[in-house]
file structure_13.txt (compact mmCIF, C-alpha atoms)
# COMPACT_ATOMS: atom_id res chain seq x y z
CA MET I 1175 9.70 -1.31 7.74
CA PHE I 1176 6.18 0.11 7.59
CA LYS I 1177 4.64 -0.08 4.08
CA THR I 1178 2.27 2.74 3.14
CA VAL I 1179 0.31 3.39 -0.02
CA LEU I 1180 -0.10 7.15 -0.34
CA MET I 1181 -2.83 8.56 -2.62
CA ILE I 1182 -2.31 12.18 -3.65
CA GLU I 1183 -3.81 14.60 -6.16
CA LYS I 1184 -1.08 17.27 -6.20
CA ALA I 1185 2.61 17.59 -5.38
CA LEU I 1186 3.52 17.17 -1.73
CA SER I 1187 4.57 20.30 0.13
CA ASP I 1188 7.32 20.27 2.76
CA ALA I 1189 4.60 20.21 5.45
CA ASP I 1190 2.92 17.22 3.76
CA VAL I 1191 6.20 15.30 3.61
CA GLU I 1192 6.88 15.99 7.27
CA LEU I 1193 3.36 14.88 8.19
CA VAL I 1194 3.43 11.55 6.38
CA THR I 1195 7.03 10.67 7.26
CA THR I 1196 6.58 11.28 10.99
CA LEU I 1197 3.26 9.49 11.55
CA HIS I 1198 5.04 6.40 12.84
CA GLY I 1199 7.72 8.09 14.92
CA GLU I 1200 11.21 6.79 14.26
CA GLU I 1201 10.07 3.69 12.35
CA LYS I 1202 11.27 3.56 8.75
CA VAL I 1203 8.52 3.91 6.15
CA SER I 1204 8.36 2.94 2.49
CA PHE I 1205 5.82 4.62 0.25
CA VAL I 1206 4.08 3.64 -2.94
CA VAL I 1207 2.65 6.93 -4.16
CA LEU I 1208 -0.39 6.92 -6.42
CA MET I 1209 -0.82 10.31 -8.06
CA GLN I 1210 -4.32 10.81 -9.42
CA PRO I 1211 -4.89 14.42 -10.46
CA ARG I 1212 -8.41 15.78 -10.31
CA GLY I 1213 -9.86 15.79 -13.81
CA LYS I 1214 -12.51 17.67 -15.71
CA GLN I 1215 -15.18 15.42 -14.25
CA ASP I 1216 -14.45 16.89 -10.80
CA GLU I 1217 -14.59 20.55 -11.87
CA LEU I 1218 -18.11 21.16 -10.51
CA LEU I 1219 -17.32 19.46 -7.20
CA ARG I 1220 -14.13 21.54 -6.81
CA ALA I 1221 -16.13 24.71 -7.50
CA LEU I 1222 -18.70 23.74 -4.85
CA ASP I 1223 -15.91 23.02 -2.38
CA ASP I 1224 -14.38 26.43 -3.12
CA VAL I 1225 -17.73 28.10 -2.40
CA ALA I 1226 -18.08 26.12 0.85
CA LEU I 1227 -14.59 27.20 1.92
CA GLY I 1228 -15.22 30.84 0.98
CA HIS I 1229 -12.68 30.80 -1.85
CA LEU I 1230 -14.95 32.57 -4.31
CA ASP I 1231 -11.99 33.87 -6.32
CA LYS I 1232 -11.01 30.27 -7.19
CA VAL I 1233 -14.48 29.32 -8.42
CA ALA I 1234 -14.29 31.50 -11.50
CA HIS I 1235 -10.88 30.08 -12.46
CA GLU I 1236 -11.47 26.40 -11.68
CA HIS I 1237 -11.50 25.43 -15.36
CA GLU I 1238 -8.11 27.10 -15.94
CA GLU I 1239 -6.17 24.73 -13.65
CA ALA I 1240 -3.40 22.83 -15.41
CA ASN I 1241 -3.89 19.15 -14.57
CA GLY I 1242 -2.51 17.38 -17.63
CA PRO I 1243 -0.40 14.22 -17.62
CA ALA I 1244 2.89 16.15 -17.82
CA VAL I 1245 2.01 18.21 -14.74
CA ALA I 1246 0.96 15.05 -12.87
CA ALA I 1247 4.24 13.32 -13.73
CA GLU I 1248 6.26 16.35 -12.58
CA SER I 1249 4.25 16.54 -9.36
CA LEU I 1250 4.82 12.86 -8.71
CA GLU I 1251 8.59 13.13 -9.29
CA HIS I 1252 8.75 16.17 -7.00
CA SER I 1253 6.88 14.25 -4.29
CA LEU I 1254 9.04 11.12 -4.59
CA ARG I 1255 12.23 13.18 -4.46
CA HIS I 1256 11.10 14.97 -1.28
CA LEU I 1257 10.02 11.76 0.43
CA ARG I 1258 13.43 10.24 -0.31
CA GLN I 1259 15.20 13.34 0.98
CA ALA I 1260 13.25 12.89 4.22
CA GLY I 1261 14.72 9.39 4.55
CA ALA I 1262 11.82 7.31 3.26
CA GLU I 1263 11.84 4.80 0.45
CA ALA I 1264 9.44 5.95 -2.27
CA VAL I 1265 8.22 4.74 -5.64
CA GLY I 1266 5.09 5.70 -7.48
CA ARG I 1267 3.07 6.19 -10.60
CA VAL I 1268 0.42 8.42 -12.11
CA VAL I 1269 -3.01 6.80 -12.12
CA GLU I 1270 -5.29 8.12 -14.83
CA THR I 1271 -8.27 5.79 -14.46
CA ASP I 1272 -9.86 3.67 -11.74
CA PRO I 1273 -7.74 4.95 -8.83
CA LEU I 1274 -9.51 2.73 -6.31
CA ASP I 1275 -9.09 -0.46 -8.35
CA ASN I 1276 -5.43 0.46 -8.74
CA LEU I 1277 -5.22 1.05 -5.00
CA ARG I 1278 -6.56 -2.39 -4.17
CA SER I 1279 -4.04 -4.02 -6.52
CA VAL I 1280 -1.11 -2.07 -5.09
CA VAL I 1281 -2.12 -2.87 -1.50
CA GLU I 1282 -2.26 -6.58 -2.35
CA GLU I 1283 0.97 -6.59 -4.41
CA THR I 1284 3.02 -4.76 -1.78
CA SER I 1285 1.41 -6.23 1.35
CA ALA I 1286 0.88 -2.66 2.52
CA ASP I 1287 0.21 -1.97 6.18
CA GLU I 1288 -1.98 1.09 5.57
CA VAL I 1289 -3.34 3.56 3.05
CA LEU I 1290 -3.00 7.31 3.49
CA VAL I 1291 -5.24 9.55 1.41
CA LEU I 1292 -3.79 13.07 1.35
CA THR I 1293 -6.06 15.53 -0.44
CA ALA I 1294 -7.53 18.97 -0.16
CA PRO I 1295 -10.91 19.07 1.61
CA HIS I 1296 -13.72 17.94 -0.69
CA PHE I 1297 -16.76 18.69 1.44
CA VAL I 1298 -19.42 17.67 -1.08
CA GLU I 1299 -17.83 14.28 -1.72
CA GLU I 1300 -17.07 13.73 1.97
CA PHE I 1301 -20.61 14.56 3.01
CA PHE I 1302 -21.94 11.85 0.71
CA HIS I 1303 -19.03 9.48 1.49
CA ARG I 1304 -17.93 9.60 -2.15
CA ASP I 1305 -14.36 10.70 -1.41
CA TRP I 1306 -11.38 8.38 -1.98
CA ALA I 1307 -10.90 7.54 1.70
CA SER I 1308 -14.53 6.56 2.26
CA LYS I 1309 -14.58 4.42 -0.86
CA ALA I 1310 -11.18 2.87 -0.13
CA ARG I 1311 -12.30 1.65 3.29
CA HIS I 1312 -14.69 -0.70 1.49
CA LYS I 1313 -12.10 -1.94 -1.03
CA VAL I 1314 -8.89 -2.66 0.88
CA GLY I 1315 -8.26 -4.81 3.90
CA VAL I 1316 -5.95 -2.37 5.70
CA PRO I 1317 -6.54 0.81 7.71
CA VAL I 1318 -7.26 3.92 5.63
CA LEU I 1319 -6.38 7.32 7.07
CA LYS I 1320 -7.62 10.56 5.49
CA LEU I 1321 -5.34 13.57 5.88
CA PHE I 1322 -5.75 17.07 4.53
CA ALA I 1323 -2.94 18.38 2.36
CA SER I 1324 -1.22 21.62 3.22
CA GLU I 1325 -2.40 24.61 1.20
CA ALA I 1326 1.18 25.85 0.83

call {"tool": "encode", "arguments": {"input": "structure_13.txt", "output": "C-alpha cells"}}
result
Amino acid sequence: MFKTVLMIEKALSDADVELVTTLHGEEKVSFVVLMQPRGKQDELLRALDDVALGHLDKVAHEHEEANGPAVAAESLEHSLRHLRQAGAEAVGRVVETDPLDNLRSVVEETSADEVLVLTAPHFVEEFFHRDWASKARHKVGVPVLKLFASEA
C-alpha cells in the first residue's frame, strides 16, 4: 500500500478526490490528511493572488471568508469521507499551527512514501518559494508533489 500525506486548505471536490486517488494507477493508497485552513495572516497574500488571477470580485470580500475551526473540521470530515468512498484508507486532523513541523512528524511516524500538497494557486508565495510545497521539500525526506485544487 502506498502511504501519502495530503496537505489541504479546503474540502476536497470530487475532481480533487479523483486526482489524488488515481495518481498511482490501481495501487491502493492510504492517506493522512492534514487540513490547514488559510488564516487571517494570509489575507493579503490571497488578495494579491486574486488580483493576479483576475478575480477582482473576490478581493473585496477576502476578509469575509469563513475559515474557523468548525468549518475546517467539517471540511476535513467531508474530505475523509469522499476519499474512503473512492476506496482509499484515510485519516486526518486539522492543523492550526506549524503545518510544516506537523508534516515532518507525520511523515516520520507513518513512514510515508510521499507528500501531496493540494492547494489553490498562490502565485506570490510560489514566486518567492514560500508556499507549503517549496518549504516541505526542505523538511521531509520524501518526494513532495504540488497539485492545484479544483475550483469547483

call {"tool": "closest_residue", "arguments": {"input": "structure_13.txt", "among": "I:Val1203, I:Ala1189, I:Ala1264, I:Leu1208", "to": "Asn1276 of chain I", "atoms": "all atoms listed in the file"}}
result
I:Leu1208

call {"tool": "atom_distance", "arguments": {"input": "structure_13.txt", "atom1": "atom CA of Leu1250 of chain I", "atom2": "atom CA of Ala1185 of chain I"}}
result
6.2 Å

call {"tool": "residues_around", "arguments": {"input": "structure_13.txt", "residues": "Asp1188 of chain I", "least_positions_apart": "5", "cutoff": "10 Å", "atoms": "all atoms listed in the file", "output": "ChimeraX atom specification"}}
result
/I:1193,1253,1256-1257,1260,1324,1326

call {"tool": "axis_aligned_box", "arguments": {"input": "structure_13.txt", "around": "segment 1256-1260 of chain I", "padding_each_side": "6 Å", "output": "JSON"}}
result
{"center_x": 12.6, "center_y": 12.6, "center_z": 1.5, "size_x": 17.2, "size_y": 16.7, "size_z": 17.5}

call {"tool": "residues_around", "arguments": {"input": "structure_13.txt", "residues": "segment 1311-1322 of chain I", "least_positions_apart": "2", "cutoff": "10 Å", "atoms": "all atoms listed in the file", "output": "ChimeraX atom specification"}}
result
/I:1178-1181,1190,1193-1194,1274-1275,1277-1282,1285-1296,1305-1309,1324-1325
